[in-house]
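Raw contents of start21.txt, compact mmCIF, C-alpha atoms:
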# COMPACT_ATOMS: atom_id res chain seq x y z
CA MET A 1 22.77 4.54 -50.41
CA HIS A 2 21.09 4.71 -47.01
CA THR A 3 17.57 5.90 -46.44
CA LYS A 4 16.86 8.59 -43.86
CA ALA A 5 15.24 6.05 -41.51
CA GLU A 6 18.33 3.82 -41.66
CA LEU A 7 20.60 6.73 -40.81
CA GLU A 8 18.44 7.77 -37.89
CA LYS A 9 18.43 4.22 -36.59
CA ALA A 10 22.21 4.02 -36.85
CA LEU A 11 22.63 7.29 -34.97
CA ALA A 12 20.28 6.22 -32.23
CA GLN A 13 22.30 3.08 -31.53
CA PRO A 14 25.60 3.60 -29.75
CA ALA A 15 28.80 2.43 -31.35
CA PRO A 16 30.06 -0.94 -30.00
CA GLU A 17 33.15 0.67 -28.38
CA GLU A 18 30.94 3.19 -26.56
CA THR A 19 28.69 0.41 -25.22
CA VAL A 20 31.67 -1.41 -23.76
CA GLU A 21 32.86 1.80 -22.18
CA ILE A 22 29.58 2.75 -20.57
CA GLU A 23 29.16 -0.71 -19.07
CA GLU A 24 32.46 -0.32 -17.26
CA ILE A 25 31.50 2.97 -15.64
CA ASP A 26 30.82 2.83 -11.92
CA ASP A 27 27.35 3.30 -10.43
CA LEU A 28 27.78 6.85 -9.19
CA GLU A 29 28.89 8.15 -12.55
CA LEU A 30 26.02 6.33 -14.27
CA VAL A 31 23.59 7.83 -11.76
CA ARG A 32 25.02 11.30 -12.39
CA ARG A 33 24.45 10.83 -16.13
CA ALA A 34 20.98 9.36 -15.62
CA GLN A 35 20.06 12.36 -13.50
CA LYS A 36 20.66 14.39 -16.65
CA GLU A 37 18.12 12.22 -18.49
CA ASP A 38 20.77 10.00 -20.12
CA MET A 39 18.64 6.93 -20.79
CA ARG A 40 21.56 4.79 -21.91
CA ALA A 41 23.23 5.28 -18.53
CA TYR A 42 20.05 4.30 -16.74
CA ASP A 43 19.65 1.29 -19.03
CA VAL A 44 23.06 0.05 -17.89
CA LEU A 45 22.01 0.45 -14.25
CA VAL A 46 18.82 -1.50 -14.93
CA ARG A 47 20.74 -4.32 -16.60
CA ARG A 48 23.24 -4.35 -13.74
CA TYR A 49 20.67 -4.78 -10.95
CA GLN A 50 17.57 -6.26 -12.58
CA GLU A 51 18.33 -9.86 -11.61
CA ARG A 52 18.93 -9.06 -7.96
CA VAL A 53 15.91 -6.80 -7.68
CA TYR A 54 13.71 -9.31 -9.49
CA GLY A 55 15.08 -12.15 -7.34
CA THR A 56 14.29 -10.35 -4.11
CA VAL A 57 10.76 -9.48 -5.17
CA TYR A 58 10.13 -12.94 -6.60
CA HIS A 59 11.26 -14.76 -3.44
CA MET A 60 9.01 -12.47 -1.41
CA THR A 61 5.90 -12.93 -3.54
CA SER A 62 6.42 -16.45 -4.94
CA ASN A 63 4.72 -15.18 -8.06
CA HIS A 64 6.45 -14.37 -11.35
CA GLU A 65 3.80 -11.94 -12.65
CA ASP A 66 3.79 -9.93 -9.43
CA ALA A 67 7.58 -9.93 -9.38
CA ASN A 68 7.67 -8.70 -12.97
CA ASP A 69 5.28 -5.83 -12.22
CA LEU A 70 7.04 -4.83 -9.03
CA THR A 71 10.49 -4.95 -10.62
CA GLN A 72 9.37 -2.68 -13.45
CA GLU A 73 7.66 -0.31 -11.02
CA THR A 74 10.77 -0.23 -8.85
CA PHE A 75 13.00 0.90 -11.73
CA ILE A 76 10.39 3.37 -13.00
CA LYS A 77 9.96 4.89 -9.56
CA ALA A 78 13.74 4.99 -9.07
CA PHE A 79 14.18 6.92 -12.31
CA ARG A 80 11.47 9.41 -11.38
CA VAL A 81 13.05 10.17 -8.00
CA LEU A 82 16.64 9.77 -9.12
CA LYS A 83 17.30 13.46 -8.61
CA SER A 84 16.77 12.95 -4.88
CA PHE A 85 19.63 10.43 -4.79
CA LYS A 86 22.50 12.26 -3.09
CA GLY A 87 24.99 9.40 -2.97
CA ASP A 88 24.84 8.99 0.82
CA SER A 89 24.44 5.27 0.27
CA SER A 90 25.31 3.09 -2.69
CA PHE A 91 22.91 2.97 -5.62
CA PHE A 92 22.57 -0.74 -4.92
CA THR A 93 21.28 -0.10 -1.38
CA TRP A 94 19.05 2.71 -2.59
CA ILE A 95 17.35 0.69 -5.36
CA TYR A 96 16.95 -2.27 -3.00
CA ARG A 97 15.24 -0.01 -0.49
CA ILE A 98 12.72 1.09 -3.10
CA ALA A 99 12.09 -2.52 -4.09
CA VAL A 100 11.70 -3.64 -0.48
CA ASN A 101 9.23 -0.84 0.35
CA LYS A 102 7.20 -1.48 -2.78
CA THR A 103 7.09 -5.21 -2.13
CA ILE A 104 6.11 -4.92 1.52
CA ASN A 105 3.36 -2.40 0.68
CA PHE A 106 2.13 -4.70 -2.08
CA LEU A 107 2.07 -7.74 0.21
CA LYS A 108 0.19 -5.84 2.92
CA GLN A 109 -2.47 -4.86 0.41
CA ARG A 110 -2.65 -8.34 -1.08
CA LYS A 111 -2.57 -10.08 2.32
CA ASN A 112 -5.15 -12.84 1.88
CA ARG A 113 -4.95 -13.22 -1.87
CA THR A 114 -1.81 -15.28 -2.18
CA GLN A 115 -1.37 -16.98 -5.53
CA ILE A 116 1.74 -18.99 -6.11
CA SER A 117 3.17 -18.91 -9.62
CA LEU A 118 6.63 -20.38 -9.31
CA ASN A 119 9.43 -20.20 -11.80
CA ASP A 120 11.06 -23.37 -13.03
CA VAL A 121 14.08 -24.70 -11.24
CA ASP A 122 17.09 -24.64 -13.55
CA PHE A 123 19.10 -27.72 -14.47
CA ASN A 124 21.96 -26.76 -12.15
CA ALA A 125 19.78 -27.58 -9.16
CA GLU A 126 19.81 -31.27 -10.07
CA ASN A 127 23.59 -31.23 -9.86
CA ASP A 128 23.74 -29.28 -6.61
CA PRO A 129 25.25 -31.82 -4.16
CA ASP A 130 23.52 -30.31 -1.14
CA LEU A 131 20.12 -30.50 -2.73
CA VAL A 132 20.69 -33.96 -4.14
CA ALA A 133 21.57 -35.13 -0.65
CA LEU A 134 18.52 -33.47 0.84
CA VAL A 135 16.14 -34.91 -1.69
CA SER A 136 17.53 -38.44 -1.76
CA ASP A 137 18.59 -39.03 1.83
CA LYS A 138 17.05 -36.69 4.31
CA THR A 139 13.47 -36.53 3.25
CA PRO A 140 10.92 -39.05 4.46
CA ARG A 141 9.78 -39.59 0.90
CA ARG A 142 12.76 -40.49 -1.22
CA ASP A 143 10.82 -39.97 -4.39
CA LEU A 144 10.23 -36.32 -3.54
CA SER A 145 11.05 -34.28 -6.61
CA LEU A 146 12.77 -30.93 -6.69
CA SER A 147 9.59 -29.20 -7.80
CA GLU A 148 7.64 -30.64 -4.87
CA LEU A 149 10.36 -29.51 -2.48
CA GLN A 150 10.27 -26.09 -4.13
CA GLU A 151 6.53 -25.81 -3.51
CA LYS A 152 6.88 -26.82 0.14
CA LEU A 153 9.69 -24.34 0.62
CA ASN A 154 7.75 -21.46 -0.92
CA ALA A 155 4.62 -22.31 1.05
CA ALA A 156 6.68 -22.23 4.25
CA MET A 157 8.18 -18.87 3.26
CA LEU A 158 4.72 -17.41 2.70
CA LYS A 159 3.78 -18.29 6.28
CA LEU A 160 6.39 -15.83 7.58
CA SER A 161 5.60 -12.18 8.16
CA GLU A 162 6.77 -9.77 5.43
CA HIS A 163 9.73 -8.49 7.45
CA HIS A 164 10.93 -11.95 8.49
CA ARG A 165 10.56 -13.23 4.95
CA MET A 166 12.51 -10.26 3.66
CA VAL A 167 15.43 -10.89 6.03
CA VAL A 168 15.62 -14.57 5.07
CA THR A 169 15.42 -13.69 1.38
CA LEU A 170 18.13 -11.06 1.55
CA HIS A 171 20.46 -13.11 3.74
CA ASP A 172 19.99 -16.78 2.92
CA VAL A 173 18.94 -16.49 -0.71
CA GLN A 174 20.54 -13.26 -1.93
CA GLY A 175 23.61 -13.59 0.28
CA LEU A 176 23.68 -10.03 1.65
CA SER A 177 25.43 -9.21 4.92
CA HIS A 178 23.62 -8.19 8.10
CA GLU A 179 24.93 -4.65 7.71
CA GLU A 180 23.65 -4.33 4.14
CA ILE A 181 20.25 -5.68 5.18
CA GLY A 182 20.15 -3.19 8.04
CA GLN A 183 20.76 -0.33 5.63
CA ILE A 184 18.17 -1.58 3.18
CA MET A 185 15.49 -2.23 5.79
CA ASP A 186 16.39 0.84 7.83
CA CYS A 187 17.00 -1.03 11.09
CA ASN A 188 20.07 -1.94 13.15
CA VAL A 189 22.12 -5.10 12.83
CA GLY A 190 20.74 -6.50 16.09
CA THR A 191 17.23 -6.33 14.72
CA VAL A 192 18.36 -8.06 11.53
CA ARG A 193 19.98 -10.87 13.51
CA SER A 194 17.00 -11.42 15.76
CA ARG A 195 14.58 -11.39 12.82
CA LEU A 196 16.75 -13.88 10.96
CA PHE A 197 16.93 -16.18 13.98
CA TYR A 198 13.19 -16.07 14.53
CA ALA A 199 12.44 -16.58 10.83
CA ARG A 200 14.74 -19.58 10.61
CA GLN A 201 13.14 -21.11 13.68
CA GLN A 202 9.74 -20.70 12.07
CA LEU A 203 10.94 -22.21 8.80
CA GLN A 204 12.54 -25.12 10.60
CA GLY A 205 9.21 -25.83 12.24
CA HIS A 206 7.32 -25.71 8.97
CA LEU A 207 9.89 -27.80 7.10
CA SER A 208 10.77 -30.25 9.88
CA ASP A 209 9.78 -33.25 7.75
CA TYR A 210 12.36 -32.33 5.15
CA LEU A 211 15.19 -31.49 7.54
CA LYS A 212 15.40 -34.73 9.57
CA MET B 213 22.43 -16.92 18.61
CA ASN B 214 25.67 -17.75 16.83
CA SER B 215 25.80 -21.15 18.50
CA ASN B 216 22.62 -22.02 16.67
CA SER B 217 24.00 -21.21 13.25
CA SER B 218 25.09 -24.84 12.82
CA ASP B 219 21.54 -25.95 13.65
CA PHE B 220 20.31 -24.04 10.63
CA GLU B 221 22.86 -25.52 8.23
CA ALA B 222 20.37 -27.96 6.71
CA LEU B 223 17.84 -25.18 6.37
CA ARG B 224 20.36 -22.96 4.63
CA LYS B 225 21.12 -25.74 2.17
CA LEU B 226 17.43 -26.13 1.51
CA MET B 227 17.06 -22.38 1.01
CA ALA B 228 19.74 -22.61 -1.66
CA LEU B 229 17.13 -24.31 -3.83
CA LYS B 230 15.44 -20.96 -4.26
CA ARG B 231 18.52 -19.62 -6.04
CA HIS B 232 17.85 -22.10 -8.82
CA GLU B 233 14.36 -20.74 -9.50
CA GLN B 234 14.69 -18.80 -12.73
CA PRO B 235 12.21 -16.72 -14.77
CA PRO B 236 11.36 -17.78 -18.35
CA PRO B 237 14.31 -17.75 -20.79
CA GLY B 238 15.05 -14.33 -22.26
CA TYR B 239 13.17 -12.49 -19.54
CA PHE B 240 16.11 -10.38 -18.40
CA TYR B 241 16.93 -9.56 -22.01
CA ARG B 242 13.49 -8.01 -22.56
CA LEU B 243 12.96 -6.38 -19.17
CA PRO B 244 15.14 -3.25 -19.67
CA ASP B 245 13.36 -2.48 -22.95
CA GLN B 246 9.96 -2.77 -21.27
CA ILE B 247 11.08 -0.39 -18.53
CA ALA B 248 12.49 2.07 -21.07
CA LEU B 249 9.24 1.94 -23.03
CA ARG B 250 7.16 2.71 -19.94
CA LEU B 251 9.48 5.55 -19.02
CA ALA B 252 9.21 6.98 -22.54
CA ARG B 253 5.41 6.87 -22.18
CA GLY B 254 5.75 9.07 -19.11
CA GLU B 255 4.57 6.45 -16.64
CA GLY B 256 5.39 6.82 -12.98
CA GLN B 257 5.21 10.61 -12.91
CA GLU B 258 3.57 11.57 -9.66
CA ARG B 259 0.69 14.04 -9.64
CA PHE B 260 0.38 16.76 -7.03
CA TRP B 261 -1.93 14.83 -4.69
CA GLU B 262 0.17 11.68 -5.02
CA LYS B 263 3.23 13.60 -3.89
CA PHE B 264 1.19 15.08 -1.05
CA PHE B 265 -0.04 11.71 0.21
CA ASN B 266 3.35 10.07 -0.29
CA GLN B 267 4.75 12.53 2.22
CA PHE B 268 2.53 10.91 4.82
CA THR B 269 3.31 7.39 3.70
CA PHE B 270 6.98 7.74 4.46
CA ARG B 271 6.60 10.03 7.50
CA PRO B 272 4.02 8.75 9.97
CA ALA B 273 4.89 11.55 12.44
CA LEU B 274 3.86 14.10 9.84
CA ALA B 275 0.60 12.25 9.23
CA TYR B 276 -0.22 12.17 12.96
CA SER B 277 0.60 15.89 13.29
CA PHE B 278 -1.65 16.71 10.37
CA ALA B 279 -4.48 14.59 11.82
CA LEU B 280 -4.07 16.27 15.23
CA ALA B 281 -4.12 19.74 13.68
CA ALA B 282 -7.23 18.92 11.64
CA PHE B 283 -9.00 17.51 14.70
CA SER B 284 -8.07 20.56 16.81
CA ALA B 285 -9.35 22.92 14.13
CA LEU B 286 -12.63 21.00 13.92
CA THR B 287 -13.09 21.01 17.71
CA LEU B 288 -12.34 24.73 17.98
CA SER B 289 -14.76 25.58 15.19
CA VAL B 290 -17.54 23.57 16.88
CA VAL B 291 -16.89 25.25 20.27
CA TYR B 292 -16.76 28.68 18.69
CA SER B 293 -19.98 28.18 16.73
CA VAL B 294 -21.84 27.03 19.90
CA ARG B 295 -20.68 30.04 21.91
CA THR B 296 -21.59 32.60 19.25
CA GLU B 297 -25.08 31.25 18.49
CA PRO B 298 -27.57 34.15 17.91
CA PRO B 299 -29.91 34.76 20.98
CA GLU B 300 -33.11 34.87 18.94
CA THR B 301 -32.68 31.32 17.75
CA ALA B 302 -32.53 30.15 21.34
CA GLN B 303 -35.76 31.97 22.33
CA SER B 304 -37.95 31.22 19.36
CA SER B 305 -37.65 28.54 16.85
CA GLY B 306 -39.74 30.53 14.37
CA ASN B 307 -41.90 27.64 13.32
CA GLY B 308 -45.11 28.86 14.91
CA TRP B 309 -44.55 27.46 18.40
CA GLN B 310 -44.14 30.06 21.13
CA SER B 311 -41.82 29.84 24.05
CA GLY B 312 -43.27 29.89 27.59
CA ALA B 313 -42.91 33.67 28.11
CA GLU B 314 -44.44 34.50 24.75
CA ALA B 315 -47.39 32.21 25.30
CA GLU B 316 -48.04 33.76 28.70
CA ALA B 317 -48.04 37.30 27.26
CA LEU B 318 -50.37 36.21 24.50
CA ALA B 319 -52.73 34.68 27.00
CA ASN B 320 -52.86 37.90 29.01
CA GLN B 321 -53.62 39.96 25.91
CA SER B 322 -56.47 37.74 24.70
CA ASN B 323 -60.08 38.72 25.31
CA LEU B 324 -61.41 36.35 27.94
CA SER B 325 -64.95 37.61 27.55
CA GLU B 326 -65.32 35.67 24.36
CA PRO B 327 -66.12 32.03 24.88
CA LEU B 328 -63.69 29.42 23.78
CA HIS B 329 -65.15 27.45 20.98
CA VAL B 330 -64.07 23.95 20.36
CA ALA B 331 -64.23 24.77 16.69
CA ASN B 332 -61.39 27.19 17.15
CA TRP B 333 -59.20 24.32 18.25
CA ILE B 334 -60.25 21.74 15.75
CA GLY B 335 -61.42 23.97 12.94
CA THR B 336 -59.14 24.79 10.12
CA GLU B 337 -60.53 27.60 8.00
CA ASN B 338 -60.93 30.43 10.50
CA SER B 339 -58.31 29.50 12.97
CA SER B 340 -55.81 32.17 13.93
CA ASN B 341 -53.56 29.73 15.67
CA PRO B 342 -50.91 28.60 13.20
CA ALA B 343 -50.29 25.47 15.17
CA VAL B 344 -53.90 24.43 14.68
CA ALA B 345 -53.65 25.12 10.97
CA LEU B 346 -50.93 22.55 10.71
CA PRO B 347 -52.15 19.17 9.51
CA SER B 348 -52.23 16.60 12.26
CA LEU B 349 -50.84 13.15 11.89
CA PHE B 350 -53.96 11.82 13.60
CA ASP B 351 -56.45 13.90 11.63
CA THR B 352 -58.72 12.06 9.25
CA GLY B 353 -61.65 13.24 7.15
CA LEU B 354 -63.98 10.87 8.99
CA HIS B 355 -63.15 12.45 12.35
CA HIS B 356 -64.08 15.99 11.13
CA SER B 357 -67.43 15.03 9.65
CA SER B 358 -68.68 13.18 12.72
CA LEU B 359 -68.06 15.99 15.26
CA GLN B 360 -71.12 18.12 16.00
CA VAL B 361 -70.62 21.49 17.69
CA LYS B 362 -73.38 23.71 19.05
CA PHE B 363 -72.87 27.45 19.41
CA SER B 364 -74.31 29.13 22.48
CA SER B 365 -74.74 32.82 23.08
CA PRO B 366 -73.16 34.27 26.23
Can the structure from this file be put into structure tokens for me?
Amino acid sequence: MHTKAELEKALAQPAPEETVEIEEIDDLELVRRAQKEDMRAYDVLVRRYQERVYGTVYHMTSNHEDANDLTQETFIKAFRVLKSFKGDSSFFTWIYRIAVNKTINFLKQRKNRTQISLNDVDFNAENDPDLVALVSDKTPRRDLSLSELQEKLNAAMLKLSEHHRMVVTLHDVQGLSHEEIGQIMDCNVGTVRSRLFYARQQLQGHLSDYLK
Amino acid sequence: MNSNSSDFEALRKLMALKRHEQPPPGYFYRLPDQIALRLARGEGQERFWEKFFNQFTFRPALAYSFALAAFSALTLSVVYSVRTEPPETAQSSGNGWQSGAEAEALANQSNLSEPLHVANWIGTENSSNPAVALPSLFDTGLHHSSLQVKFSSP
């Protein structure tokens, strides 16, 4: 014998088969459903892109709390203006654009109040051959730990302007193409390339001790 | 620019370290629920004025046009108000002080046979000149009591 509350709870939760199905639906169909206030469809979209959106914001701010707030605000804002999404670009580009605009606006307001609150480096980093080589061979201090290198890297990133930092984050960390970055940042590919070149030059200057 | 891509190889490897920075365990499991909760609370709904100002945030051209229109309207209103100022306000300020023409006419009308008494200028009680009746910044009680005036018959 089930109580009324138990029945309501069971009805509110989707059946396992339905969950599998909805997770396989493409973005456009999920957006179409979410535009009709289908929260489960939007939940799938959030789960699909949360890591990439969070990652972008986090690498821009170097602060977990700020990244958490901005990621939530990005998805809330996206839901509120979802009806304006016409499908001219992919949902991925569209949500990234909201995140990028929010982050750049936030950084401009924050400007001189930079507080670093870095996430931990996962255990895979210690096994990354490139990083192991960098830490053990190429740095002037062989005892330099990964966390110290992480701090230096983030401090160097914060010295870049918002737009240069964004290009480096999207290309070198997130692995997006120049064309995708151009769509997200609303500029042409040439601008993306020149910003990337300039940003890397700046970073190389700031991190010269660790790149010899 | 492409020829320099090999120069940045070490930098790119170093940047790869950032991919290993991860939020606290379970963070991405909880995040969608937090977003859904905030949406259910009705957060993020823009009010009228927020929508209005957001128009300008994303369209600087619109903001400049609006600023230009507002400035033009202000300038025009100032010019219009100066041109249509009432003539009487220009001739007399209405605070007791006469303009040059009025003072001259008043002087012509006054009876010159009567002597001018100093008391008329410094006195307060019987003065007909409103300007004299006004308190002076330099007037003190001591000054009034020490001044002796003699009346003489014509």
Mind giving me the straight-line distance from CA of Lys86 in chain A to CA of Leu28 in chain A in Å, one decimal?
9.7 Å
Can you tell me how far CA of Val294 in chain B sits from CA of Leu280 in chain B, in Å to one decimal?
21.3 Å
Within 9 Å of chain A, which residues of chain B are there when counting all atoms listed in the file? Please give them as JSON, numbers by chain.
{"B": [213, 216, 217, 220, 222, 223, 224, 225, 226, 227, 228, 229, 230, 231, 232, 233, 234, 235, 236, 240, 241, 243, 244, 245, 246, 247, 248, 250, 251, 255, 256, 257, 258]}
Would you compute the distance between CA of Ser62 in chain A and CA of Arg48 in chain A? Give it in Å to one decimal.
22.5 Å
Protein/DNA/RNA residues near (2.0, -19.7, -0.9), cut 9 Å, only C-alpha atoms, as a ChimeraX atom specification:
/A:61-63,114-117,151-152,154-159
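If you count all atoms listed in the file and ignore residues fewer than 4 places along the chain from Trp94 in chain A, what sits within 9 Å of it is Ala78, Phe85, Gly87, Ser89, Ser90, Ile98, Ala99, Gln183 and Ile184 of chain A.
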At a cut-off of 6 Å from (13.4, -7.9, -2.5) in the coordinates of the file, what residues are picked up using all atoms listed in the file, written as a ChimeraX atom specification?
/A:53,56-57,99-100
